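Visitor: Contents of final_29.txt (compact mmCIF, N, CA and C atoms):
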```txt
# COMPACT_ATOMS: atom_id res chain seq x y z
N MET A 1 -25.11 -53.12 34.00
CA MET A 1 -26.28 -52.76 34.75
C MET A 1 -25.88 -52.40 36.18
N SER A 2 -26.41 -51.31 36.71
CA SER A 2 -26.09 -50.92 38.07
C SER A 2 -27.16 -51.45 39.03
N VAL A 3 -26.85 -51.39 40.32
CA VAL A 3 -27.77 -51.87 41.34
C VAL A 3 -29.04 -51.02 41.32
N ASN A 4 -30.16 -51.68 41.35
CA ASN A 4 -31.46 -51.01 41.33
C ASN A 4 -31.71 -50.35 42.69
N PRO A 5 -31.78 -49.02 42.76
CA PRO A 5 -31.99 -48.35 44.05
C PRO A 5 -33.36 -48.67 44.67
N GLU A 6 -34.29 -49.16 43.86
CA GLU A 6 -35.61 -49.52 44.39
C GLU A 6 -35.58 -50.79 45.23
N LEU A 7 -34.44 -51.47 45.29
CA LEU A 7 -34.29 -52.61 46.19
C LEU A 7 -34.36 -52.18 47.66
N GLN A 8 -33.91 -50.94 47.93
CA GLN A 8 -33.91 -50.46 49.31
C GLN A 8 -35.33 -50.50 49.87
N GLY A 9 -35.46 -51.12 51.04
CA GLY A 9 -36.76 -51.25 51.67
C GLY A 9 -37.48 -52.55 51.33
N ARG A 10 -36.98 -53.27 50.34
CA ARG A 10 -37.64 -54.52 49.94
C ARG A 10 -37.41 -55.59 51.00
N VAL A 11 -38.48 -56.31 51.31
CA VAL A 11 -38.43 -57.44 52.23
C VAL A 11 -38.80 -58.69 51.44
N PHE A 12 -37.95 -59.69 51.53
CA PHE A 12 -38.15 -60.93 50.81
C PHE A 12 -38.94 -61.92 51.67
N PRO A 13 -39.58 -62.90 51.04
CA PRO A 13 -40.30 -63.92 51.82
C PRO A 13 -39.33 -64.72 52.69
N PRO A 14 -39.81 -65.23 53.82
CA PRO A 14 -38.94 -66.08 54.65
C PRO A 14 -38.47 -67.30 53.87
N VAL A 15 -37.25 -67.72 54.15
CA VAL A 15 -36.72 -68.92 53.51
C VAL A 15 -37.21 -70.15 54.29
N ALA A 16 -37.02 -71.33 53.72
CA ALA A 16 -37.41 -72.57 54.38
C ALA A 16 -36.67 -72.71 55.71
N PRO A 17 -37.32 -73.28 56.71
CA PRO A 17 -36.64 -73.46 58.00
C PRO A 17 -35.37 -74.30 57.88
N TYR A 18 -34.40 -73.95 58.71
CA TYR A 18 -33.12 -74.65 58.77
C TYR A 18 -33.03 -75.32 60.13
N LEU A 19 -32.90 -76.66 60.15
CA LEU A 19 -32.75 -77.39 61.40
C LEU A 19 -31.26 -77.49 61.72
N VAL A 20 -30.87 -76.91 62.84
CA VAL A 20 -29.46 -76.89 63.24
C VAL A 20 -29.09 -78.26 63.81
N GLY A 21 -28.15 -78.92 63.15
CA GLY A 21 -27.72 -80.24 63.58
C GLY A 21 -26.47 -80.18 64.45
N ARG A 22 -26.39 -81.11 65.38
CA ARG A 22 -25.24 -81.16 66.29
C ARG A 22 -23.93 -81.33 65.52
N GLU A 23 -23.92 -82.22 64.52
CA GLU A 23 -22.68 -82.43 63.77
C GLU A 23 -22.31 -81.22 62.92
N LYS A 24 -23.31 -80.50 62.41
CA LYS A 24 -23.02 -79.27 61.65
C LYS A 24 -22.36 -78.24 62.56
N VAL A 25 -22.86 -78.13 63.79
CA VAL A 25 -22.25 -77.19 64.74
C VAL A 25 -20.82 -77.61 65.04
N ARG A 26 -20.61 -78.89 65.26
CA ARG A 26 -19.24 -79.37 65.53
C ARG A 26 -18.32 -79.12 64.34
N GLU A 27 -18.80 -79.43 63.13
CA GLU A 27 -17.98 -79.21 61.93
C GLU A 27 -17.62 -77.74 61.78
N PHE A 28 -18.62 -76.87 61.93
CA PHE A 28 -18.38 -75.43 61.80
C PHE A 28 -17.41 -74.97 62.88
N SER A 29 -17.58 -75.48 64.09
CA SER A 29 -16.69 -75.10 65.20
C SER A 29 -15.25 -75.46 64.88
N ARG A 30 -15.04 -76.66 64.34
CA ARG A 30 -13.68 -77.06 63.95
C ARG A 30 -13.14 -76.15 62.85
N ALA A 31 -13.99 -75.81 61.89
CA ALA A 31 -13.55 -75.00 60.75
C ALA A 31 -13.11 -73.60 61.18
N VAL A 32 -13.73 -73.06 62.22
CA VAL A 32 -13.38 -71.70 62.67
C VAL A 32 -12.51 -71.72 63.93
N PHE A 33 -11.99 -72.92 64.25
CA PHE A 33 -11.09 -73.09 65.40
C PHE A 33 -11.72 -72.67 66.73
N ALA A 34 -13.03 -72.92 66.87
CA ALA A 34 -13.71 -72.68 68.14
C ALA A 34 -13.41 -73.86 69.06
N THR A 35 -12.74 -73.61 70.15
CA THR A 35 -12.27 -74.70 71.02
C THR A 35 -13.04 -74.81 72.33
N ASN A 36 -14.00 -73.94 72.57
CA ASN A 36 -14.77 -74.01 73.80
C ASN A 36 -15.54 -75.33 73.83
N PRO A 37 -15.48 -76.06 74.92
CA PRO A 37 -16.19 -77.34 74.99
C PRO A 37 -17.70 -77.24 74.70
N ILE A 38 -18.32 -76.12 74.96
CA ILE A 38 -19.76 -76.01 74.69
C ILE A 38 -20.07 -76.08 73.20
N ASN A 39 -19.06 -75.88 72.35
CA ASN A 39 -19.24 -75.97 70.91
C ASN A 39 -19.14 -77.41 70.40
N HIS A 40 -18.69 -78.31 71.24
CA HIS A 40 -18.43 -79.69 70.80
C HIS A 40 -19.11 -80.75 71.66
N ASP A 41 -19.22 -80.50 72.94
CA ASP A 41 -19.65 -81.52 73.90
C ASP A 41 -21.03 -81.18 74.48
N PRO A 42 -22.04 -82.02 74.20
CA PRO A 42 -23.38 -81.74 74.73
C PRO A 42 -23.43 -81.64 76.26
N GLN A 43 -22.62 -82.45 76.95
CA GLN A 43 -22.62 -82.39 78.41
C GLN A 43 -22.07 -81.06 78.90
N ALA A 44 -21.02 -80.57 78.27
CA ALA A 44 -20.46 -79.27 78.65
C ALA A 44 -21.47 -78.16 78.37
N ALA A 45 -22.16 -78.28 77.24
CA ALA A 45 -23.17 -77.27 76.89
C ALA A 45 -24.31 -77.28 77.91
N ARG A 46 -24.78 -78.47 78.29
CA ARG A 46 -25.86 -78.57 79.28
C ARG A 46 -25.41 -78.03 80.63
N ALA A 47 -24.17 -78.33 81.01
CA ALA A 47 -23.64 -77.83 82.28
C ALA A 47 -23.59 -76.30 82.29
N ALA A 48 -23.47 -75.71 81.09
CA ALA A 48 -23.43 -74.25 80.97
C ALA A 48 -24.83 -73.65 80.78
N GLY A 49 -25.87 -74.52 80.83
CA GLY A 49 -27.24 -74.02 80.76
C GLY A 49 -27.89 -74.05 79.39
N HIS A 50 -27.26 -74.73 78.43
CA HIS A 50 -27.80 -74.81 77.07
C HIS A 50 -28.42 -76.18 76.83
N ALA A 51 -29.35 -76.26 75.90
CA ALA A 51 -30.04 -77.51 75.60
C ALA A 51 -29.14 -78.51 74.86
N ASP A 52 -28.17 -77.99 74.10
CA ASP A 52 -27.27 -78.85 73.31
C ASP A 52 -26.06 -78.00 72.95
N VAL A 53 -25.21 -78.53 72.05
CA VAL A 53 -24.00 -77.78 71.69
C VAL A 53 -24.37 -76.42 71.13
N VAL A 54 -23.52 -75.45 71.41
CA VAL A 54 -23.75 -74.06 71.03
C VAL A 54 -22.92 -73.73 69.79
N ALA A 55 -23.56 -73.12 68.82
CA ALA A 55 -22.86 -72.73 67.60
C ALA A 55 -22.00 -71.49 67.85
N PRO A 56 -20.83 -71.41 67.22
CA PRO A 56 -20.04 -70.18 67.30
C PRO A 56 -20.86 -69.02 66.71
N PRO A 57 -20.58 -67.79 67.12
CA PRO A 57 -21.38 -66.64 66.67
C PRO A 57 -21.50 -66.51 65.15
N THR A 58 -20.47 -66.86 64.42
CA THR A 58 -20.53 -66.68 62.96
C THR A 58 -21.34 -67.77 62.25
N PHE A 59 -21.82 -68.77 62.97
CA PHE A 59 -22.65 -69.82 62.38
C PHE A 59 -23.89 -69.26 61.72
N ALA A 60 -24.35 -68.11 62.17
CA ALA A 60 -25.56 -67.51 61.60
C ALA A 60 -25.45 -67.32 60.09
N VAL A 61 -24.24 -67.21 59.55
CA VAL A 61 -24.10 -67.05 58.10
C VAL A 61 -24.60 -68.27 57.34
N VAL A 62 -24.58 -69.44 57.99
CA VAL A 62 -25.08 -70.65 57.34
C VAL A 62 -26.57 -70.49 57.03
N VAL A 63 -27.30 -69.92 57.98
CA VAL A 63 -28.73 -69.69 57.80
C VAL A 63 -28.96 -68.48 56.89
N GLN A 64 -28.15 -67.45 57.06
CA GLN A 64 -28.30 -66.23 56.27
C GLN A 64 -28.06 -66.45 54.79
N GLU A 65 -27.23 -67.41 54.44
CA GLU A 65 -26.85 -67.63 53.04
C GLU A 65 -28.06 -67.77 52.13
N ALA A 66 -29.09 -68.45 52.57
CA ALA A 66 -30.28 -68.65 51.73
C ALA A 66 -30.98 -67.32 51.44
N THR A 67 -30.95 -66.41 52.41
CA THR A 67 -31.61 -65.11 52.18
C THR A 67 -30.79 -64.27 51.20
N LEU A 68 -29.48 -64.32 51.33
CA LEU A 68 -28.64 -63.57 50.39
C LEU A 68 -28.77 -64.12 48.97
N ALA A 69 -29.00 -65.42 48.86
CA ALA A 69 -29.22 -66.02 47.54
C ALA A 69 -30.47 -65.44 46.89
N GLN A 70 -31.50 -65.16 47.70
CA GLN A 70 -32.71 -64.52 47.16
C GLN A 70 -32.37 -63.15 46.57
N LEU A 71 -31.60 -62.39 47.32
CA LEU A 71 -31.22 -61.05 46.87
C LEU A 71 -30.42 -61.12 45.57
N LEU A 72 -29.44 -61.99 45.53
CA LEU A 72 -28.57 -62.08 44.36
C LEU A 72 -29.31 -62.59 43.13
N ALA A 73 -30.37 -63.35 43.34
CA ALA A 73 -31.14 -63.90 42.22
C ALA A 73 -32.27 -62.98 41.77
N GLU A 74 -32.47 -61.87 42.46
CA GLU A 74 -33.57 -60.95 42.13
C GLU A 74 -33.39 -60.43 40.70
N PRO A 75 -34.34 -60.72 39.81
CA PRO A 75 -34.18 -60.36 38.39
C PRO A 75 -33.97 -58.87 38.13
N ASP A 76 -34.61 -58.01 38.91
CA ASP A 76 -34.47 -56.57 38.66
C ASP A 76 -33.46 -55.92 39.60
N GLY A 77 -32.67 -56.74 40.32
CA GLY A 77 -31.75 -56.19 41.31
C GLY A 77 -30.52 -55.50 40.73
N GLY A 78 -30.07 -55.98 39.59
CA GLY A 78 -28.88 -55.38 38.98
C GLY A 78 -27.59 -55.75 39.70
N ILE A 79 -27.60 -56.83 40.48
CA ILE A 79 -26.39 -57.24 41.20
C ILE A 79 -25.73 -58.38 40.43
N ASP A 80 -24.57 -58.10 39.88
CA ASP A 80 -23.78 -59.10 39.16
C ASP A 80 -22.84 -59.75 40.17
N PHE A 81 -23.12 -61.00 40.53
CA PHE A 81 -22.36 -61.67 41.58
C PHE A 81 -20.86 -61.72 41.28
N THR A 82 -20.48 -61.72 40.02
CA THR A 82 -19.05 -61.76 39.67
C THR A 82 -18.35 -60.46 40.06
N ARG A 83 -19.13 -59.44 40.42
CA ARG A 83 -18.56 -58.15 40.77
C ARG A 83 -18.78 -57.81 42.25
N VAL A 84 -19.17 -58.82 43.04
CA VAL A 84 -19.49 -58.59 44.45
C VAL A 84 -18.29 -58.93 45.34
N VAL A 85 -18.03 -58.03 46.28
CA VAL A 85 -17.04 -58.25 47.32
C VAL A 85 -17.77 -58.07 48.65
N HIS A 86 -17.53 -58.99 49.58
CA HIS A 86 -18.18 -58.89 50.89
C HIS A 86 -17.49 -57.79 51.69
N GLY A 87 -18.23 -56.72 52.01
CA GLY A 87 -17.63 -55.57 52.66
C GLY A 87 -17.66 -55.60 54.18
N ASP A 88 -18.73 -56.16 54.75
CA ASP A 88 -18.87 -56.13 56.21
C ASP A 88 -19.88 -57.20 56.64
N GLN A 89 -19.71 -57.69 57.85
CA GLN A 89 -20.63 -58.67 58.43
C GLN A 89 -20.76 -58.38 59.91
N ARG A 90 -22.00 -58.33 60.40
CA ARG A 90 -22.25 -58.09 61.82
C ARG A 90 -23.38 -58.99 62.30
N PHE A 91 -23.37 -59.26 63.61
CA PHE A 91 -24.40 -60.08 64.22
C PHE A 91 -24.91 -59.41 65.48
N SER A 92 -26.21 -59.47 65.68
CA SER A 92 -26.83 -58.96 66.90
C SER A 92 -27.71 -60.07 67.46
N TYR A 93 -27.24 -60.69 68.54
CA TYR A 93 -27.88 -61.86 69.12
C TYR A 93 -28.82 -61.53 70.28
N THR A 94 -29.94 -62.25 70.32
CA THR A 94 -30.80 -62.27 71.50
C THR A 94 -30.41 -63.46 72.38
N ARG A 95 -30.07 -64.57 71.72
CA ARG A 95 -29.59 -65.77 72.41
C ARG A 95 -28.73 -66.57 71.43
N PRO A 96 -27.91 -67.48 71.96
CA PRO A 96 -27.07 -68.29 71.07
C PRO A 96 -27.89 -69.28 70.23
N ILE A 97 -27.34 -69.68 69.12
CA ILE A 97 -27.90 -70.77 68.31
C ILE A 97 -27.40 -72.07 68.92
N VAL A 98 -28.32 -73.02 69.11
CA VAL A 98 -27.94 -74.33 69.64
C VAL A 98 -28.47 -75.42 68.73
N ALA A 99 -27.80 -76.58 68.77
CA ALA A 99 -28.25 -77.73 68.00
C ALA A 99 -29.69 -78.04 68.40
N GLY A 100 -30.51 -78.35 67.40
CA GLY A 100 -31.93 -78.61 67.64
C GLY A 100 -32.81 -77.43 67.29
N ASP A 101 -32.23 -76.23 67.18
CA ASP A 101 -33.02 -75.06 66.78
C ASP A 101 -33.54 -75.25 65.36
N GLU A 102 -34.76 -74.84 65.13
CA GLU A 102 -35.31 -74.74 63.78
C GLU A 102 -35.44 -73.25 63.49
N LEU A 103 -34.62 -72.76 62.58
CA LEU A 103 -34.50 -71.33 62.35
C LEU A 103 -35.04 -70.93 60.98
N THR A 104 -35.72 -69.80 60.96
CA THR A 104 -36.23 -69.24 59.71
C THR A 104 -35.71 -67.82 59.59
N ALA A 105 -35.29 -67.46 58.38
CA ALA A 105 -34.69 -66.14 58.15
C ALA A 105 -35.48 -65.36 57.11
N THR A 106 -35.55 -64.06 57.34
CA THR A 106 -36.20 -63.13 56.42
C THR A 106 -35.24 -61.99 56.14
N LEU A 107 -35.05 -61.68 54.87
CA LEU A 107 -34.10 -60.63 54.47
C LEU A 107 -34.81 -59.34 54.11
N ALA A 108 -34.23 -58.24 54.59
CA ALA A 108 -34.69 -56.90 54.21
C ALA A 108 -33.48 -56.11 53.73
N VAL A 109 -33.62 -55.42 52.61
CA VAL A 109 -32.56 -54.55 52.11
C VAL A 109 -32.72 -53.21 52.83
N THR A 110 -31.74 -52.85 53.63
CA THR A 110 -31.87 -51.66 54.48
C THR A 110 -31.19 -50.42 53.92
N SER A 111 -30.24 -50.62 53.01
CA SER A 111 -29.53 -49.46 52.49
C SER A 111 -28.87 -49.77 51.15
N ILE A 112 -28.91 -48.81 50.27
CA ILE A 112 -28.14 -48.86 49.03
C ILE A 112 -27.48 -47.51 48.87
N LYS A 113 -26.16 -47.54 48.77
CA LYS A 113 -25.39 -46.31 48.59
C LYS A 113 -24.56 -46.43 47.33
N THR A 114 -24.57 -45.39 46.54
CA THR A 114 -23.77 -45.36 45.33
C THR A 114 -22.51 -44.55 45.61
N LEU A 115 -21.37 -45.14 45.24
CA LEU A 115 -20.07 -44.48 45.43
C LEU A 115 -19.36 -44.49 44.09
N GLY A 116 -19.56 -43.45 43.31
CA GLY A 116 -19.03 -43.42 41.96
C GLY A 116 -19.72 -44.50 41.15
N ALA A 117 -18.93 -45.37 40.54
CA ALA A 117 -19.50 -46.46 39.73
C ALA A 117 -19.87 -47.67 40.57
N HIS A 118 -19.54 -47.62 41.86
CA HIS A 118 -19.75 -48.76 42.74
C HIS A 118 -21.00 -48.55 43.59
N ALA A 119 -21.48 -49.65 44.19
CA ALA A 119 -22.63 -49.57 45.08
C ALA A 119 -22.37 -50.42 46.31
N MET A 120 -22.93 -49.99 47.44
CA MET A 120 -22.88 -50.76 48.67
C MET A 120 -24.31 -51.12 49.04
N VAL A 121 -24.58 -52.41 49.16
CA VAL A 121 -25.91 -52.91 49.48
C VAL A 121 -25.85 -53.53 50.87
N THR A 122 -26.65 -52.99 51.80
CA THR A 122 -26.71 -53.54 53.14
C THR A 122 -28.03 -54.26 53.32
N ALA A 123 -27.93 -55.50 53.81
CA ALA A 123 -29.12 -56.33 53.99
C ALA A 123 -29.09 -56.97 55.37
N GLU A 124 -30.25 -56.98 56.00
CA GLU A 124 -30.39 -57.60 57.32
C GLU A 124 -31.22 -58.88 57.19
N SER A 125 -30.69 -59.96 57.72
CA SER A 125 -31.42 -61.22 57.78
C SER A 125 -31.84 -61.42 59.24
N THR A 126 -33.13 -61.34 59.48
CA THR A 126 -33.67 -61.55 60.82
C THR A 126 -33.97 -63.04 60.96
N ILE A 127 -33.36 -63.65 61.95
CA ILE A 127 -33.46 -65.10 62.14
C ILE A 127 -34.23 -65.38 63.43
N VAL A 128 -35.30 -66.16 63.29
CA VAL A 128 -36.17 -66.48 64.43
C VAL A 128 -36.24 -68.00 64.61
N ASP A 129 -36.63 -68.41 65.81
CA ASP A 129 -36.78 -69.85 66.07
C ASP A 129 -38.19 -70.31 65.72
N ALA A 130 -38.48 -71.58 65.98
CA ALA A 130 -39.76 -72.18 65.58
C ALA A 130 -40.95 -71.50 66.26
N ALA A 131 -40.72 -70.88 67.43
CA ALA A 131 -41.78 -70.17 68.13
C ALA A 131 -41.93 -68.73 67.64
N GLY A 132 -41.05 -68.32 66.71
CA GLY A 132 -41.09 -66.96 66.19
C GLY A 132 -40.29 -65.97 67.01
N ALA A 133 -39.55 -66.45 68.00
CA ALA A 133 -38.74 -65.57 68.85
C ALA A 133 -37.42 -65.24 68.15
N HIS A 134 -37.04 -63.98 68.25
CA HIS A 134 -35.79 -63.52 67.64
C HIS A 134 -34.59 -64.25 68.24
N VAL A 135 -33.69 -64.70 67.37
CA VAL A 135 -32.44 -65.33 67.80
C VAL A 135 -31.27 -64.41 67.46
N VAL A 136 -31.19 -63.99 66.20
CA VAL A 136 -30.07 -63.17 65.75
C VAL A 136 -30.46 -62.39 64.50
N THR A 137 -29.88 -61.23 64.35
CA THR A 137 -29.96 -60.50 63.10
C THR A 137 -28.55 -60.46 62.52
N ALA A 138 -28.42 -60.97 61.29
CA ALA A 138 -27.14 -60.98 60.59
C ALA A 138 -27.19 -59.89 59.53
N THR A 139 -26.26 -58.95 59.61
CA THR A 139 -26.23 -57.82 58.68
C THR A 139 -25.00 -57.92 57.80
N SER A 140 -25.24 -57.92 56.49
CA SER A 140 -24.14 -58.00 55.52
C SER A 140 -24.14 -56.74 54.65
N THR A 141 -22.95 -56.26 54.36
CA THR A 141 -22.80 -55.21 53.37
C THR A 141 -22.01 -55.78 52.20
N LEU A 142 -22.63 -55.74 51.03
CA LEU A 142 -21.99 -56.21 49.81
C LEU A 142 -21.56 -55.02 48.98
N VAL A 143 -20.33 -55.04 48.51
CA VAL A 143 -19.84 -54.01 47.62
C VAL A 143 -19.94 -54.55 46.20
N VAL A 144 -20.68 -53.84 45.37
CA VAL A 144 -20.85 -54.25 43.97
C VAL A 144 -19.98 -53.31 43.14
N ARG A 145 -18.92 -53.87 42.59
CA ARG A 145 -18.00 -53.06 41.79
C ARG A 145 -18.65 -52.67 40.48
N GLY A 146 -18.54 -51.41 40.14
CA GLY A 146 -19.07 -50.93 38.87
C GLY A 146 -18.06 -51.13 37.75
N ASP A 147 -18.45 -50.73 36.57
CA ASP A 147 -17.54 -50.81 35.43
C ASP A 147 -16.38 -49.85 35.65
N GLU A 148 -15.20 -50.30 35.34
CA GLU A 148 -13.99 -49.48 35.54
C GLU A 148 -13.87 -48.43 34.47
```
Go through the file and emit its structure as structure tokens.

Guide:
Amino acid sequence: MSVNPELQGRVFPPVAPYLVGREKVREFSRAVFATNPINHDPQAARAAGHADVVAPPTFAVVVQEATLAQLLAEPDGGIDFTRVVHGDQRFSYTRPIVAGDELTATLAVTSIKTLGAHAMVTAESTIVDAAGAHVVTATSTLVVRGDE
């Protein structure tokens, strides 16, 4: 089954809110070798003008993952996860993610391109805080390998 081109333009319902925890930020920071004190120390983060520890820029994928799961589980999507390769990842921030944020993400499929037997699916996850203010847009391009 090939990727359904009618996915382009589809917007999925928002996922459940994600509460950003201080220890999750610290764990993620260690995992990606983020050594800036604002990623680990609340006092350093406050001294830099933040409410709590600041997540590294790629932390947004933790929140985005739930939206991509919606896309991959779409019954008429035609996306076989065993044939997916992550092609690209980008982030566009309005402000950093900090511990204590309650974030909600909504996914929109912005592009589907067919390249021979393969397809490239680009999806944007718009992530907002509890007040509805934009925090970051995480854009992923998935390459779905076709039959050889």

Visitor: Give me, as a CSV table (one decimal) with N, CA and C atoms, in the frame of the given file, the residues of segment 61-111 of chain A that a backbone DSSP run labels strand (DSSP E).

Guide:
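Below is the file that was written, states.csv:
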```
chain,number,residue,atom,x,y,z
A,84,VAL,N,-19.2,-58.8,43.0
A,84,VAL,CA,-19.5,-58.6,44.4
A,84,VAL,C,-18.3,-58.9,45.3
A,85,VAL,N,-18.0,-58.0,46.3
A,85,VAL,CA,-17.0,-58.2,47.3
A,85,VAL,C,-17.8,-58.1,48.6
A,86,HIS,N,-17.5,-59.0,49.6
A,86,HIS,CA,-18.2,-58.9,50.9
A,86,HIS,C,-17.5,-57.8,51.7
A,87,GLY,N,-18.2,-56.7,52.0
A,87,GLY,CA,-17.6,-55.6,52.7
A,87,GLY,C,-17.7,-55.6,54.2
A,88,ASP,N,-18.7,-56.2,54.8
A,88,ASP,CA,-18.9,-56.1,56.2
A,88,ASP,C,-19.9,-57.2,56.6
A,89,GLN,N,-19.7,-57.7,57.8
A,89,GLN,CA,-20.6,-58.7,58.4
A,89,GLN,C,-20.8,-58.4,59.9
A,90,ARG,N,-22.0,-58.3,60.4
A,90,ARG,CA,-22.2,-58.1,61.8
A,90,ARG,C,-23.4,-59.0,62.3
A,91,PHE,N,-23.4,-59.3,63.6
A,91,PHE,CA,-24.4,-60.1,64.2
A,91,PHE,C,-24.9,-59.4,65.5
A,92,SER,N,-26.2,-59.5,65.7
A,92,SER,CA,-26.8,-59.0,66.9
A,92,SER,C,-27.7,-60.1,67.5
A,93,TYR,N,-27.2,-60.7,68.5
A,93,TYR,CA,-27.9,-61.9,69.1
A,93,TYR,C,-28.8,-61.5,70.3
A,102,GLU,N,-34.8,-74.8,65.1
A,102,GLU,CA,-35.3,-74.7,63.8
A,102,GLU,C,-35.4,-73.2,63.5
A,103,LEU,N,-34.6,-72.8,62.6
A,103,LEU,CA,-34.5,-71.3,62.4
A,103,LEU,C,-35.0,-70.9,61.0
A,104,THR,N,-35.7,-69.8,61.0
A,104,THR,CA,-36.2,-69.2,59.7
A,104,THR,C,-35.7,-67.8,59.6
A,105,ALA,N,-35.3,-67.5,58.4
A,105,ALA,CA,-34.7,-66.1,58.2
A,105,ALA,C,-35.5,-65.4,57.1
A,106,THR,N,-35.6,-64.1,57.3
A,106,THR,CA,-36.2,-63.1,56.4
A,106,THR,C,-35.2,-62.0,56.1
A,107,LEU,N,-35.0,-61.7,54.9
A,107,LEU,CA,-34.1,-60.6,54.5
A,107,LEU,C,-34.8,-59.3,54.1
A,108,ALA,N,-34.2,-58.2,54.6
A,108,ALA,CA,-34.7,-56.9,54.2
A,108,ALA,C,-33.5,-56.1,53.7
A,109,VAL,N,-33.6,-55.4,52.6
A,109,VAL,CA,-32.6,-54.6,52.1
A,109,VAL,C,-32.7,-53.2,52.8
A,110,THR,N,-31.7,-52.8,53.6
A,110,THR,CA,-31.9,-51.7,54.5
A,110,THR,C,-31.2,-50.4,53.9
A,111,SER,N,-30.2,-50.6,53.0
A,111,SER,CA,-29.5,-49.5,52.5
A,111,SER,C,-28.9,-49.8,51.2
```

Visitor: If I put a ball of radius 6.5 Å at (-20.9, -74.6, 73.2) in the file's coordinates, which residues poke into it when counting only N, CA and C atoms, written as number ranges by chain?

Guide: A: 36-41, 44-45, 52-55

Visitor: How many Å separate atom N of Arg10 of chain A from atom N of Thr137 of chain A?

Guide: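 Distance between the two atoms: 17.6 Å.
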
Visitor: Identify which of the residues A:Ser2, A:Thr106, A:Gln8, A:Thr114 lies closest to Val63 of chain A, counting only C-alpha atoms when measuring atom-to-atom distances.

Guide: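 Residue with the minimum atom-to-atom distance to Val63 of chain A: A:Thr106.
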
Visitor: What would the list of residues within 6 Å of (-33.8, -68.6, 63.1) (file frame) look like as a PyMOL selection string, if only N, CA and C atoms are what count?

Guide: chain A and resi 102-105+126-129+135

Visitor: Box in all listed atoms of segment 74-78 of chain A, axis-aligned, with 8 Å more on each side; write out centre and edge lengths in Å to one decimal as AutoDock Vina command-line options.

Guide:
```
--center_x -31.1 --center_y -58.6 --center_z 40.3 --size_x 23.0 --size_y 22.5 --size_z 20.3
```

Visitor: So how many Å separate atom CA of Gln64 of chain A and atom CA of Pro42 of chain A, to one decimal?

Guide: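 Taking atom CA of Gln64 of chain A as the start and atom CA of Pro42 of chain A as the end point, the length is 24.6 Å.
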
Visitor: In Å to one decimal, how far is atom C of Pro96 of chain A from atom CA of Thr139 of chain A?

Guide: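 Between atom CA of Thr139 of chain A and atom C of Pro96 of chain A the gap is 16.4 Å.
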
Visitor: Between A:His50, A:Asp147, A:Thr58, A:Ala138, which is the closest to Phe91 of chain A once you count all atoms listed in the file?

Guide: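 So, comparing all the options, the nearest one is A:Ala138.
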
Visitor: Apply DSSP to the structure's backbone, then extract all residues of chain A labelled alpha helix (DSSP H) and return them as a ChimeraX atom specification.

Guide: /A:22-31,42-47,60-73

Visitor: Pick out the closest residue to Arg90 of chain A from this set: A:Pro57, A:Gly116, A:Gly49, A:Pro75. Count only C-alpha atoms.

Guide: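 Closest candidate: A:Pro57.
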
Visitor: Please provide the set of residues having any atom within 6 Å of Val109 of chain A, restricted to all atoms listed in the file, with same-chain residues fewer than 5 positions apart removed, written as a list in words.

Guide: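 Those residues are Leu7, Gln8, Gly9, Arg10, Val11, Thr122, Ala123 and Glu124 of chain A.
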
Visitor: Using only C-alpha atoms, find the one residue out of A:Ser140, A:Thr82, A:Ser92, A:Thr67 that sits nearest to Pro17 of chain A.

Guide: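 With only C-alpha atoms as the atom set, the closest residue is A:Thr67.
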
Visitor: What's around segment 20-34 of chain A at 5 Å? Count all atoms listed in the file, leave out sequence neighbours fewer than 6 positions away in its own chain, and write the answer as a PyMOL selection string.

Guide: chain A and resi 99-102

Visitor: Under the rule that all atoms listed in the file are counted, which of A:Leu72, A:Leu107, A:Val15, A:Leu142 is the nearest residue to Gln89 of chain A?

Guide: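 Closest residue, counting all atoms listed in the file: A:Leu142.
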
Visitor: Looking at A:Gln43, A:Gly78, A:Val136, A:Ala16, which one is nearest to Thr94 of chain A, with distances taken over all atoms listed in the file?

Guide: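 Under the stated criterion, the closest residue is A:Val136.
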